[in-house]
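Raw coords.csv, CSV, C-alpha atoms and all ligand atoms:
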```csv
chain,number,residue,atom,x,y,z
A,1,LYS,CA,0.0,0.0,0.0
A,2,PRO,CA,1.2,3.6,-0.6
A,3,ALA,CA,3.7,4.9,2.0
A,4,ALA,CA,1.4,7.7,3.1
A,5,GLN,CA,-1.2,5.2,4.4
A,6,PHE,CA,1.3,3.8,7.0
A,7,THR,CA,1.2,5.1,10.5
A,8,LEU,CA,4.6,5.8,12.0
A,9,GLU,CA,4.6,2.5,13.9
A,10,GLU,CA,3.6,0.5,10.8
A,11,ALA,CA,6.2,2.3,8.8
A,12,GLN,CA,8.9,1.6,11.4
A,13,ALA,CA,8.1,-2.1,11.3
A,14,GLU,CA,7.9,-2.2,7.4
A,15,VAL,CA,11.2,-0.3,7.0
A,16,GLU,CA,13.1,-2.6,9.3
A,17,LYS,CA,11.6,-5.7,7.4
A,18,LEU,CA,12.5,-4.2,4.0
A,19,ARG,CA,16.0,-3.1,5.1
A,20,LYS,CA,16.8,-6.6,6.5
A,21,GLN,CA,15.5,-8.3,3.3
A,22,LEU,CA,17.3,-6.0,0.9
A,23,ASN,CA,20.6,-6.3,2.8
A,24,GLN,CA,20.3,-10.1,2.7
A,25,TRP,CA,19.7,-10.0,-1.1
A,26,ARG,CA,22.6,-7.6,-1.6
A,27,LEU,CA,24.9,-10.0,0.4
A,28,GLU,CA,24.0,-12.9,-1.9
A,29,TYR,CA,24.4,-10.7,-5.0
A,30,TYR,CA,27.8,-9.2,-4.2
A,31,THR,CA,29.5,-12.1,-2.6
A,32,LYS,CA,28.2,-15.1,-4.5
A,33,ASP,CA,27.1,-13.5,-7.8
A,34,ALA,CA,24.1,-15.7,-7.2
A,35,PRO,CA,21.1,-13.6,-6.2
A,36,THR,CA,18.0,-15.5,-5.1
A,37,VAL,CA,15.6,-12.9,-6.5
A,38,THR,CA,15.4,-11.2,-9.9
A,39,ASP,CA,16.5,-7.6,-10.2
A,40,ASN,CA,12.9,-6.5,-10.6
A,41,VAL,CA,11.9,-8.0,-7.3
A,42,TYR,CA,14.9,-6.3,-5.7
A,43,ASP,CA,14.0,-3.0,-7.4
A,44,ASP,CA,10.3,-3.1,-6.2
A,45,HIS,CA,11.3,-3.7,-2.6
A,46,TYR,CA,14.0,-1.0,-2.9
A,47,ARG,CA,11.5,1.5,-4.2
A,48,ASP,CA,9.1,0.6,-1.3
A,49,LEU,CA,11.8,1.4,1.2
A,50,GLN,CA,12.7,4.6,-0.6
A,51,ALA,CA,9.1,5.8,-0.5
A,52,LEU,CA,8.7,5.0,3.2
A,53,GLU,CA,12.0,6.7,4.0
A,54,GLU,CA,10.8,9.8,2.1
A,55,ALA,CA,7.5,9.8,4.0
A,56,TYR,CA,9.3,9.3,7.3
A,57,PRO,CA,12.9,10.7,7.1
A,58,LYS,CA,13.6,10.0,10.7
A,59,LEU,CA,13.4,6.2,9.9
A,60,VAL,CA,16.5,6.4,7.7
A,61,THR,CA,19.5,4.6,9.1
A,62,PRO,CA,23.1,4.6,7.8
A,63,ASP,CA,23.0,0.9,7.0
A,64,SER,CA,19.9,1.4,4.8
A,65,PRO,CA,20.7,0.2,1.2
A,66,THR,CA,19.3,3.6,0.1
A,67,GLN,CA,22.3,5.3,1.7
A,68,GLU,CA,25.0,3.6,-0.4
A,69,VAL,CA,25.5,5.9,-3.4
A,70,GLY,CA,26.6,4.5,-6.7
A,71,ASP,CA,25.7,0.8,-6.6
A,72,VAL,CA,22.0,1.1,-7.1
A,73,ILE,CA,21.1,-2.1,-9.0
A,74,ASN,CA,19.4,-1.1,-12.2
A,75,SER,CA,16.9,-3.6,-13.5
A,76,ASP,CA,18.5,-3.2,-16.9
A,77,PHE,CA,21.3,-1.4,-18.9
A,78,ALA,CA,20.4,1.8,-20.7
A,79,LYS,CA,20.6,1.2,-24.5
A,80,VAL,CA,23.1,2.9,-26.7
A,81,GLN,CA,22.7,3.6,-30.5
A,82,HIS,CA,26.1,3.1,-32.3
A,83,PRO,CA,26.3,6.0,-34.9
A,84,ILE,CA,28.6,3.8,-36.9
A,85,PRO,CA,27.6,0.1,-36.6
A,86,MET,CA,30.0,-2.2,-34.8
A,87,LEU,CA,30.5,-4.9,-37.3
A,88,SER,CA,31.8,-8.4,-36.8
A,89,MET,CA,34.2,-10.2,-39.2
A,90,GLY,CA,34.1,-12.8,-41.9
A,91,ASP,CA,36.5,-15.6,-41.2
A,92,VAL,CA,38.4,-18.4,-42.8
A,93,PHE,CA,39.9,-21.6,-41.4
A,94,SER,CA,42.8,-22.4,-43.5
A,95,PHE,CA,45.8,-20.6,-45.0
A,96,GLU,CA,44.6,-21.7,-48.5
A,97,GLU,CA,41.3,-19.9,-48.0
A,98,LEU,CA,43.2,-16.9,-46.6
A,99,SER,CA,45.3,-16.8,-49.8
A,100,GLU,CA,42.2,-17.0,-51.9
A,101,TRP,CA,40.8,-14.0,-50.0
A,102,ASP,CA,44.0,-12.1,-50.6
A,103,ALA,CA,44.0,-13.0,-54.3
A,104,ARG,CA,40.4,-11.7,-54.7
A,105,MET,CA,41.4,-8.5,-52.8
A,106,GLN,CA,44.4,-7.9,-55.1
A,107,SER,CA,42.3,-8.5,-58.3
A,108,ASN,CA,39.6,-6.2,-56.9
A,109,VAL,CA,42.1,-3.5,-56.1
A,110,GLY,CA,44.2,-4.1,-59.1
A,111,HIS,CA,47.6,-4.1,-57.3
A,112,PRO,CA,49.2,-5.8,-54.3
A,113,VAL,CA,47.8,-4.6,-50.9
A,114,ASP,CA,49.5,-4.0,-47.6
A,115,TYR,CA,47.8,-5.5,-44.6
A,116,ASN,CA,48.0,-4.6,-40.9
A,117,VAL,CA,48.1,-8.0,-39.2
A,118,GLU,CA,46.7,-8.2,-35.6
A,119,LEU,CA,46.1,-10.9,-33.1
A,120,LYS,CA,42.4,-11.7,-32.7
A,121,ILE,CA,41.8,-11.2,-29.0
A,122,ASP,CA,39.2,-13.5,-27.5
A,123,GLY,CA,37.0,-11.1,-25.6
A,124,LEU,CA,34.0,-8.9,-26.3
A,125,ALA,CA,33.9,-5.8,-28.4
A,126,LEU,CA,33.7,-2.4,-26.6
A,127,SER,CA,33.1,1.1,-27.7
A,128,LEU,CA,34.6,4.1,-25.8
A,129,ILE,CA,33.5,7.7,-26.4
A,130,TYR,CA,35.5,10.8,-25.2
A,131,GLU,CA,34.6,14.5,-25.1
A,132,ASN,CA,37.5,16.9,-24.9
A,133,GLY,CA,39.6,14.0,-23.6
A,134,LYS,CA,37.2,12.8,-20.9
A,135,LEU,CA,35.6,9.4,-21.1
A,136,VAL,CA,31.8,9.9,-21.3
A,137,GLN,CA,30.5,6.6,-22.5
A,138,GLY,CA,31.4,2.9,-22.7
A,139,SER,CA,29.1,0.4,-24.4
A,140,THR,CA,29.0,-3.1,-25.7
A,141,ARG,CA,28.4,-4.1,-29.3
A,142,GLY,CA,25.0,-5.6,-28.7
A,143,ASP,CA,23.5,-6.4,-32.1
A,144,GLY,CA,26.0,-4.0,-33.8
A,145,ASN,CA,23.6,-1.1,-34.0
A,146,VAL,CA,22.3,-1.0,-30.4
A,147,GLY,CA,24.5,-1.9,-27.5
A,148,GLU,CA,24.3,-1.6,-23.6
A,149,ASP,CA,25.6,1.4,-21.7
A,150,VAL,CA,28.3,-0.1,-19.4
A,151,THR,CA,30.1,3.3,-18.6
A,152,ARG,CA,30.1,2.8,-14.9
A,153,ASN,CA,31.7,-0.6,-15.3
A,154,VAL,CA,34.2,0.6,-17.8
A,155,LEU,CA,35.3,3.3,-15.4
A,156,THR,CA,36.6,0.5,-13.1
A,157,ILE,CA,38.9,-1.0,-15.8
A,158,ALA,CA,42.5,0.1,-15.0
A,159,SER,CA,43.7,0.1,-18.7
A,160,VAL,CA,40.8,2.4,-19.9
A,161,PRO,CA,42.0,6.0,-19.8
A,162,LYS,CA,39.6,8.3,-17.9
A,163,GLN,CA,41.3,11.3,-19.4
A,164,LEU,CA,43.3,11.2,-22.7
A,165,LYS,CA,46.7,12.8,-23.0
A,166,GLN,CA,45.1,15.3,-25.5
A,167,PRO,CA,41.7,17.0,-25.0
A,168,LEU,CA,40.3,15.2,-28.1
A,169,SER,CA,36.7,14.2,-28.8
A,170,LEU,CA,36.6,10.8,-30.5
A,171,GLU,CA,35.3,7.2,-30.4
A,172,VAL,CA,37.6,4.2,-30.3
A,173,ARG,CA,36.7,0.5,-30.2
A,174,GLY,CA,38.5,-2.5,-29.0
A,175,GLU,CA,38.3,-5.8,-27.2
A,176,CYS,CA,37.6,-6.1,-23.4
A,177,TYR,CA,39.1,-9.3,-22.2
A,178,MET,CA,40.1,-11.2,-19.0
A,179,PRO,CA,43.8,-12.1,-18.7
A,180,LYS,CA,44.3,-15.9,-18.2
A,181,ALA,CA,45.7,-15.4,-14.7
A,182,ALA,CA,42.7,-13.3,-13.6
A,183,PHE,CA,40.4,-16.0,-15.1
A,184,ALA,CA,42.2,-18.8,-13.1
A,185,LYS,CA,41.9,-16.7,-9.9
A,186,LEU,CA,38.2,-15.9,-10.5
A,187,ASN,CA,37.3,-19.5,-11.1
A,188,ALA,CA,39.2,-20.7,-8.0
A,189,ARG,CA,37.2,-18.1,-6.0
A,190,GLN,CA,34.0,-19.2,-7.6
A,191,GLU,CA,34.7,-22.8,-6.6
A,192,THR,CA,35.5,-21.9,-2.9
A,193,GLU,CA,32.4,-19.6,-2.7
A,194,GLY,CA,30.1,-22.0,-4.3
A,195,GLY,CA,29.6,-19.9,-7.4
A,196,THR,CA,29.5,-21.3,-10.9
A,197,PRO,CA,32.9,-21.3,-12.7
A,198,PHE,CA,33.0,-19.7,-16.1
A,199,ALA,CA,33.7,-21.9,-19.1
A,200,ASN,CA,36.4,-19.7,-20.6
A,201,PRO,CA,37.9,-16.2,-20.3
A,202,ARG,CA,35.6,-14.8,-23.0
A,203,ASN,CA,32.5,-15.7,-21.1
A,204,ALA,CA,34.1,-14.5,-17.9
A,205,ALA,CA,34.9,-11.1,-19.5
A,206,ALA,CA,31.3,-10.8,-20.9
A,207,GLY,CA,29.8,-11.7,-17.6
A,208,SER,CA,32.1,-9.3,-15.7
A,209,LEU,CA,31.7,-6.3,-18.1
A,210,ARG,CA,27.9,-6.8,-18.3
A,211,GLN,CA,27.5,-6.8,-14.5
A,212,LEU,CA,24.7,-4.7,-13.1
A,213,ASP,CA,26.9,-3.6,-10.3
A,214,ALA,CA,30.2,-1.8,-11.0
A,215,LYS,CA,31.8,-3.0,-7.8
A,216,VAL,CA,31.7,-6.5,-9.0
A,217,THR,CA,33.2,-5.5,-12.3
A,218,ALA,CA,36.0,-3.7,-10.4
A,219,ALA,CA,37.0,-7.0,-8.7
A,220,ARG,CA,37.3,-8.9,-12.0
A,221,GLU,CA,40.6,-7.4,-13.3
A,222,LEU,CA,39.4,-6.9,-16.8
A,223,ASP,CA,41.8,-5.5,-19.5
A,224,THR,CA,41.5,-4.0,-23.0
A,225,PHE,CA,43.2,-3.8,-26.3
A,226,ILE,CA,42.0,-0.9,-28.5
A,227,TYR,CA,42.2,-1.4,-32.2
A,228,THR,CA,39.8,0.9,-34.1
A,229,LEU,CA,39.9,4.7,-34.4
A,230,ILE,CA,36.6,6.1,-35.7
A,231,GLU,CA,36.8,8.8,-38.3
A,232,PRO,CA,40.6,8.7,-38.5
A,233,GLU,CA,40.7,11.3,-41.2
A,234,GLN,CA,39.7,13.9,-38.5
A,235,PHE,CA,43.2,13.3,-37.1
A,236,ASN,CA,45.1,13.0,-40.3
A,237,VAL,CA,45.7,9.3,-39.6
A,238,THR,CA,45.9,7.4,-43.0
A,239,THR,CA,46.7,3.7,-42.1
A,240,GLN,CA,45.5,1.2,-39.6
A,241,HIS,CA,49.1,0.7,-38.3
A,242,GLU,CA,49.3,4.5,-37.7
A,243,ALA,CA,45.9,4.5,-36.0
A,244,ILE,CA,47.1,2.0,-33.4
A,245,ALA,CA,50.2,4.1,-32.7
A,246,PHE,CA,48.0,7.3,-32.5
A,247,MET,CA,45.7,5.6,-30.0
A,248,GLN,CA,48.6,4.3,-27.9
A,249,ALA,CA,50.1,7.8,-27.7
A,250,LEU,CA,46.7,9.1,-26.4
A,251,GLY,CA,46.9,6.6,-23.5
A,252,PHE,CA,45.0,3.6,-24.8
A,253,THR,CA,46.4,0.1,-24.3
A,254,THR,CA,47.0,-1.4,-27.8
A,255,ASN,CA,48.3,-4.9,-28.6
A,256,PRO,CA,52.1,-4.8,-29.3
A,257,SER,CA,52.0,-7.6,-31.8
A,258,SER,CA,50.4,-5.9,-34.8
A,259,GLU,CA,52.6,-5.4,-37.9
A,260,VAL,CA,52.4,-4.4,-41.6
A,261,ALA,CA,52.7,-7.3,-44.0
A,262,GLY,CA,53.1,-6.9,-47.7
A,263,ASP,CA,52.6,-10.5,-48.9
A,264,MET,CA,51.3,-13.9,-47.9
A,265,GLN,CA,54.8,-15.1,-47.0
A,266,ALA,CA,55.0,-12.5,-44.2
A,267,ILE,CA,51.5,-13.5,-43.1
A,268,ASP,CA,52.4,-17.2,-43.1
A,269,THR,CA,55.3,-16.4,-40.8
A,270,TYR,CA,53.1,-14.4,-38.5
A,271,ILE,CA,50.5,-17.2,-38.3
A,272,LYS,CA,53.1,-19.8,-37.6
A,273,LYS,CA,54.7,-17.7,-34.9
A,274,TYR,CA,51.4,-17.1,-33.0
A,275,THR,CA,50.2,-20.6,-33.5
A,276,THR,CA,53.3,-21.7,-31.6
A,277,ASP,CA,53.3,-18.8,-29.1
A,278,ARG,CA,49.5,-18.9,-28.4
A,279,ASP,CA,49.6,-20.8,-25.1
A,280,ALA,CA,52.3,-18.7,-23.7
A,281,LEU,CA,50.4,-15.4,-24.2
A,282,PRO,CA,48.9,-14.0,-21.0
A,283,TYR,CA,45.5,-13.5,-22.9
A,284,GLY,CA,43.3,-15.6,-25.1
A,285,ILE,CA,43.5,-15.3,-28.9
A,286,ASP,CA,41.3,-17.2,-31.3
A,287,GLY,CA,43.1,-16.3,-34.6
A,288,ILE,CA,44.7,-13.4,-36.4
A,289,VAL,CA,43.0,-10.5,-38.2
A,290,LEU,CA,44.1,-9.1,-41.6
A,291,LYS,CA,43.1,-5.5,-42.3
A,292,VAL,CA,43.8,-3.5,-45.4
A,293,ASN,CA,46.3,-1.0,-43.9
A,294,ASP,CA,45.4,2.0,-46.1
A,295,LEU,CA,42.3,3.5,-44.5
A,296,ALA,CA,41.1,5.3,-47.6
A,297,LEU,CA,41.2,2.0,-49.5
A,298,GLN,CA,39.2,0.4,-46.6
A,299,ALA,CA,36.6,3.1,-47.0
A,300,GLN,CA,36.5,2.6,-50.8
A,301,LEU,CA,36.0,-1.2,-50.3
A,302,GLY,CA,33.3,-0.6,-47.8
A,303,ASN,CA,31.4,-3.2,-45.9
A,304,THR,CA,28.7,-5.8,-46.6
A,305,VAL,CA,25.7,-5.7,-44.3
A,306,LYS,CA,27.5,-7.5,-41.5
A,307,VAL,CA,31.2,-7.5,-42.2
A,308,PRO,CA,33.9,-5.3,-43.8
A,309,ARG,CA,35.2,-6.3,-47.2
A,310,TRP,CA,38.6,-5.0,-46.2
A,311,GLU,CA,39.4,-7.4,-43.4
A,312,ILE,CA,39.2,-11.1,-42.7
A,313,ALA,CA,39.9,-13.2,-39.6
A,314,TYR,CA,41.9,-16.4,-39.8
A,315,LYS,CA,40.7,-18.6,-37.0
A,316,PHE,CA,43.0,-21.1,-35.2
A,317,PRO,CA,41.6,-24.6,-34.5
A,318,PRO,CA,39.8,-24.3,-31.1
A,319,GLU,CA,41.9,-25.0,-28.0
A,320,GLU,CA,39.3,-27.1,-26.2
A,321,ALA,CA,37.1,-29.6,-28.1
A,322,GLU,CA,34.1,-27.6,-29.2
A,323,THR,CA,32.0,-27.7,-32.4
A,324,VAL,CA,33.3,-25.0,-34.6
A,325,ILE,CA,30.5,-23.5,-36.6
A,326,HIS,CA,32.1,-22.4,-39.9
A,327,ASP,CA,31.0,-18.8,-40.4
A,328,ILE,CA,30.2,-17.4,-43.8
A,329,VAL,CA,33.5,-16.8,-45.7
A,330,TRP,CA,33.6,-13.3,-47.2
A,331,THR,CA,32.6,-13.5,-50.8
B,401,LIG,N1,39.1,-9.4,-31.5
B,401,LIG,C1,40.0,-8.6,-32.1
B,401,LIG,O1,41.2,-8.6,-31.7
B,401,LIG,C2,39.5,-7.7,-33.2
B,401,LIG,C3,40.5,-6.9,-33.9
B,401,LIG,N2,41.8,-7.0,-33.6
B,401,LIG,N3,40.1,-6.1,-34.8
B,401,LIG,C4,38.7,-6.0,-35.1
B,401,LIG,O2,38.4,-5.1,-36.1
B,401,LIG,C5,37.0,-4.7,-36.2
B,401,LIG,C6,36.9,-3.5,-37.1
B,401,LIG,C7,35.6,-3.6,-37.9
B,401,LIG,C8,35.1,-5.0,-37.7
B,401,LIG,C9,36.0,-5.8,-36.8
B,401,LIG,N4,37.8,-6.7,-34.5
B,401,LIG,C10,38.2,-7.6,-33.5
B,401,LIG,O3,37.2,-8.3,-32.9
B,401,LIG,C11,35.9,-8.3,-33.4
B,401,LIG,C12,35.0,-7.2,-32.9
B,401,LIG,C13,33.6,-7.8,-33.0
B,401,LIG,C14,33.7,-9.3,-33.2
B,401,LIG,C15,35.2,-9.6,-33.0
B,401,LIG,O4,35.4,-9.8,-31.6
```
Once more with this new file: its structure as structure tokens, please.
Amino acid sequence: KPAAQFTLEEAQAEVEKLRKQLNQWRLEYYTKDAPTVTDNVYDDHYRDLQALEEAYPKLVTPDSPTQEVGDVINSDFAKVQHPIPMLSMGDVFSFEELSEWDARMQSNVGHPVDYNVELKIDGLALSLIYENGKLVQGSTRGDGNVGEDVTRNVLTIASVPKQLKQPLSLEVRGECYMPKAAFAKLNARQETEGGTPFANPRNAAAGSLRQLDAKVTAARELDTFIYTLIEPEQFNVTTQHEAIAFMQALGFTTNPSSEVAGDMQAIDTYIKKYTTDRDALPYGIDGIVLKVNDLALQAQLGNTVKVPRWEIAYKFPPEEAETVIHDIVWT
């Protein structure tokens, strides 16, 4: 019933009951990642308590969940529209297919093409928007056009600059991932606290970034590798390799293993190197990415509905036995 219809005595009893219940649910939520009620049930009780405390301010106590600023549990993330869609990638599963892709590219373009070769980090895509050098929004890819606003969570990731080294307004995109060591620690903690362990670092990163409560994200030791500068022409950046150096100079963490390759021989060497080194890397990779290095040429080649024509992912065979669903190869 509405708060105004409670007498002071009734309100006192109801407020104590709600506070105890909500604090119990928060304990489950924060410590075990295993809440026993849905966020909506929590929200409803939270709003009832807020209404009663507004009607009877003298009933507010310091331990009331309404007094902890900043970790209000939203029932859902705010949605974010990506002005430029966040695309995924076509992929191939053999060097032969990759060579065919390169041959098609060269015949399309009419001359040999330089690629920027990058490791394909096994995480989830993240967009970061800055105004005059200040981080103002972090969001997930979602369906490519609409993602989730995870700004408060992103602010807890150490490698995400809160303030750039230059007061620029821009958007960058990259991969949010969980380092292998953090993943092992998290699963060990999940085991001891009776939580459910995550299947792999990618799922753990997704579950940690898409947490409704930033304090939980903060404890997950997420990291980032930034790889896309949006509208690079605004900054007189003309190649992908240059874009990565430009973003690193602004304070972003970029992957140190990207290099320009002029032919398939260089790419074959790169693939062999990282097929061997893969297990020794402190983060998960599931392949390599070839991108046309010249950004004007990328723009000329454009994108199909879902994937760019100017880049392809070469996927390694999966580490653990899993059914690999062969994605559509770029045609
Ligand atoms: N996972 C990666 O390391 C990676 C990368 N190094 N570079 C790109 O380039 C974007 C640019 C436009 C479309 C893909 N994407 C990557 O990951 C994609 C993002 C969305 C799905 C994949 O995770």
Each residue of segment 225-315 of chain A lying at most 9 Å from segment 140-159 of chain A should get a row with its shortest atom-to-atom pair and the distance in Å to one decimal, counting all atoms listed in the file; could you produce that, ordered by chain and increasing number, as JSON lines?
```
{"residue": "A:Phe225", "atom": "CA", "partner": "A:Ser159", "partner_atom": "CA", "distance": 8.6}
{"residue": "A:Gly251", "atom": "CA", "partner": "A:Ser159", "partner_atom": "CA", "distance": 8.7}
{"residue": "A:Phe252", "atom": "CA", "partner": "A:Ser159", "partner_atom": "CA", "distance": 7.2}
{"residue": "A:Thr253", "atom": "CA", "partner": "A:Ser159", "partner_atom": "CA", "distance": 6.2}
{"residue": "A:Lys306", "atom": "CA", "partner": "A:Gly144", "partner_atom": "CA", "distance": 8.6}
```
Would you mind listing the residues within 9 Å of ligand LIG 401 (chain B), counting all atoms listed in the file, as a VMD selection string? chain A and resid 85 to 90 117 to 126 141 144 173 to 176 225 to 228 255 258 285 to 291 306 to 308 310 to 313
Looking at A:Leu186, A:Leu209, A:Leu295, A:Ala266, which one is nearest to Ser99 of chain A, with distances taken over only C-alpha atoms?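 Closest residue, counting only C-alpha atoms: A:Ala266.
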Please compute the atom CA of Gln106 of chain A-atom CA of Val260 of chain A distance, one decimal, in Å.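 These two atoms are separated by 16.1 Å.
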Would you pick out the contacts of segment 193-204 of chain A at 9 Å or less, using all atoms listed in the file, so that residues sharing its chain but fewer than 4 positions from it are not included, and give the list as a ChimeraX atom specification? /A:31-34,122-124,176-180,182-184,186-189,208-209,220,283-284
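In this structure, atom CA of Pro83 of chain A sits 10.1 Å away from atom CA of Glu171 of chain A.
Distance-wise, atom CA of Ala245 of chain A and atom CA of Ala181 of chain A end up 26.9 Å apart.
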Test item: residues at most 8 Å from Gly133 of chain A, all atoms listed in the file, excluding those fewer than 6 positions along its chain, as an mmCIF file with C-alpha atoms, in the frame of the given file:
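Listed below is the output, result.cif:
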```cif
data_model
loop_
_atom_site.group_PDB
_atom_site.id
_atom_site.type_symbol
_atom_site.label_atom_id
_atom_site.label_comp_id
_atom_site.auth_asym_id
_atom_site.auth_seq_id
_atom_site.Cartn_x
_atom_site.Cartn_y
_atom_site.Cartn_z
ATOM 1 C CA GLN A 163 41.300 11.300 -19.400
ATOM 2 C CA LEU A 164 43.300 11.200 -22.700
ATOM 3 C CA LYS A 165 46.700 12.800 -23.000
ATOM 4 C CA GLN A 166 45.100 15.300 -25.500
ATOM 5 C CA PRO A 167 41.700 17.000 -25.000
ATOM 6 C CA LEU A 168 40.300 15.200 -28.100
ATOM 7 C CA SER A 169 36.700 14.200 -28.800
#
```
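Among A:Asn116, A:Ser64, A:Asn303, A:Asn132, the residue with the shortest atom-to-atom distance to Gln240 of chain A, counting all atoms listed in the file, is A:Asn116.
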If we count only C-alpha atoms and set the cut-off at 12 Å, which residues sit around segment 15-22 of chain A, ignoring sequence neighbours fewer than 6 positions away in its own chain? Please answer as a VMD selection string. chain A and resid 3 6 to 9 28 to 29 35 to 37 39 41 to 67 72 to 73
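Compared by their closest atoms to Gln300 of chain A, and using all atoms listed in the file, the residues A:Pro317, A:Asn108, A:Leu222, A:Val160 rank with A:Asn108 nearest.
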Which of these residues is nearest to Thr254 of chain A, using all atoms listed in the file: A:Gln5, A:Thr38, A:Thr239, A:Thr224? A:Thr224
Which is closer to Ala261 of chain A than all the others in A:Asp102, A:Glu221, A:Glu97, A:Asp114, using all atoms listed in the file? A:Asp114
Show which residues sit within 12 Å of Pro112 of chain A, as an mmCIF file with C-alpha atoms, in the frame of the given file. Count all atoms listed in the file, and ignore same-chain residues fewer than 6 positions away.
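Result file follows (part12.cif):
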```cif
data_model
loop_
_atom_site.group_PDB
_atom_site.id
_atom_site.type_symbol
_atom_site.label_atom_id
_atom_site.label_comp_id
_atom_site.auth_asym_id
_atom_site.auth_seq_id
_atom_site.Cartn_x
_atom_site.Cartn_y
_atom_site.Cartn_z
ATOM 1 C CA ASP A 102 44.000 -12.100 -50.600
ATOM 2 C CA ALA A 103 44.000 -13.000 -54.300
ATOM 3 C CA ARG A 104 40.400 -11.700 -54.700
ATOM 4 C CA MET A 105 41.400 -8.500 -52.800
ATOM 5 C CA GLN A 106 44.400 -7.900 -55.100
ATOM 6 C CA ALA A 261 52.700 -7.300 -44.000
ATOM 7 C CA GLY A 262 53.100 -6.900 -47.700
ATOM 8 C CA ASP A 263 52.600 -10.500 -48.900
ATOM 9 C CA MET A 264 51.300 -13.900 -47.900
ATOM 10 C CA VAL A 292 43.800 -3.500 -45.400
ATOM 11 C CA ASN A 293 46.300 -1.000 -43.900
ATOM 12 C CA ASP A 294 45.400 2.000 -46.100
#
```
Ranking A:Ser107, A:Leu128, A:Tyr314, A:Ala219 by minimum distance to Tyr270 of chain A and counting all atoms listed in the file, which one comes first?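 That would be A:Tyr314, the residue with the smallest distance to Tyr270 of chain A.
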Can you take the partial segment 214-218 of chain A, add all heavy atoms, and return it as a short mmCIF file (atom, residue, chain, number, x, y, z; two decimals), in the coordinates of the input?
```cif
data_model
loop_
_atom_site.label_atom_id
_atom_site.label_comp_id
_atom_site.auth_asym_id
_atom_site.auth_seq_id
_atom_site.Cartn_x
_atom_site.Cartn_y
_atom_site.Cartn_z
N ALA A 214 28.86 -2.13 -10.65
CA ALA A 214 30.20 -1.80 -11.00
C ALA A 214 31.25 -2.34 -10.02
O ALA A 214 32.39 -2.63 -10.37
CB ALA A 214 30.39 -0.30 -11.19
N LYS A 215 30.83 -2.50 -8.77
CA LYS A 215 31.80 -3.00 -7.80
C LYS A 215 32.23 -4.41 -8.06
O LYS A 215 33.35 -4.80 -7.78
CB LYS A 215 31.18 -2.89 -6.36
CG LYS A 215 31.31 -1.49 -5.74
CD LYS A 215 30.37 -1.27 -4.60
CE LYS A 215 30.85 -1.77 -3.27
NZ LYS A 215 29.90 -1.39 -2.18
N VAL A 216 31.32 -5.17 -8.65
CA VAL A 216 31.70 -6.50 -9.00
C VAL A 216 32.64 -6.52 -10.19
O VAL A 216 33.66 -7.20 -10.20
CB VAL A 216 30.41 -7.37 -9.32
CG1 VAL A 216 30.79 -8.78 -9.73
CG2 VAL A 216 29.47 -7.40 -8.12
N THR A 217 32.32 -5.66 -11.18
CA THR A 217 33.20 -5.50 -12.30
C THR A 217 34.63 -5.16 -11.87
O THR A 217 35.62 -5.72 -12.33
CB THR A 217 32.71 -4.42 -13.29
OG1 THR A 217 31.35 -4.68 -13.60
CG2 THR A 217 33.53 -4.35 -14.56
N ALA A 218 34.68 -4.22 -10.92
CA ALA A 218 36.00 -3.70 -10.40
C ALA A 218 36.86 -4.83 -9.88
O ALA A 218 38.08 -4.79 -9.97
CB ALA A 218 35.77 -2.64 -9.40
#
```
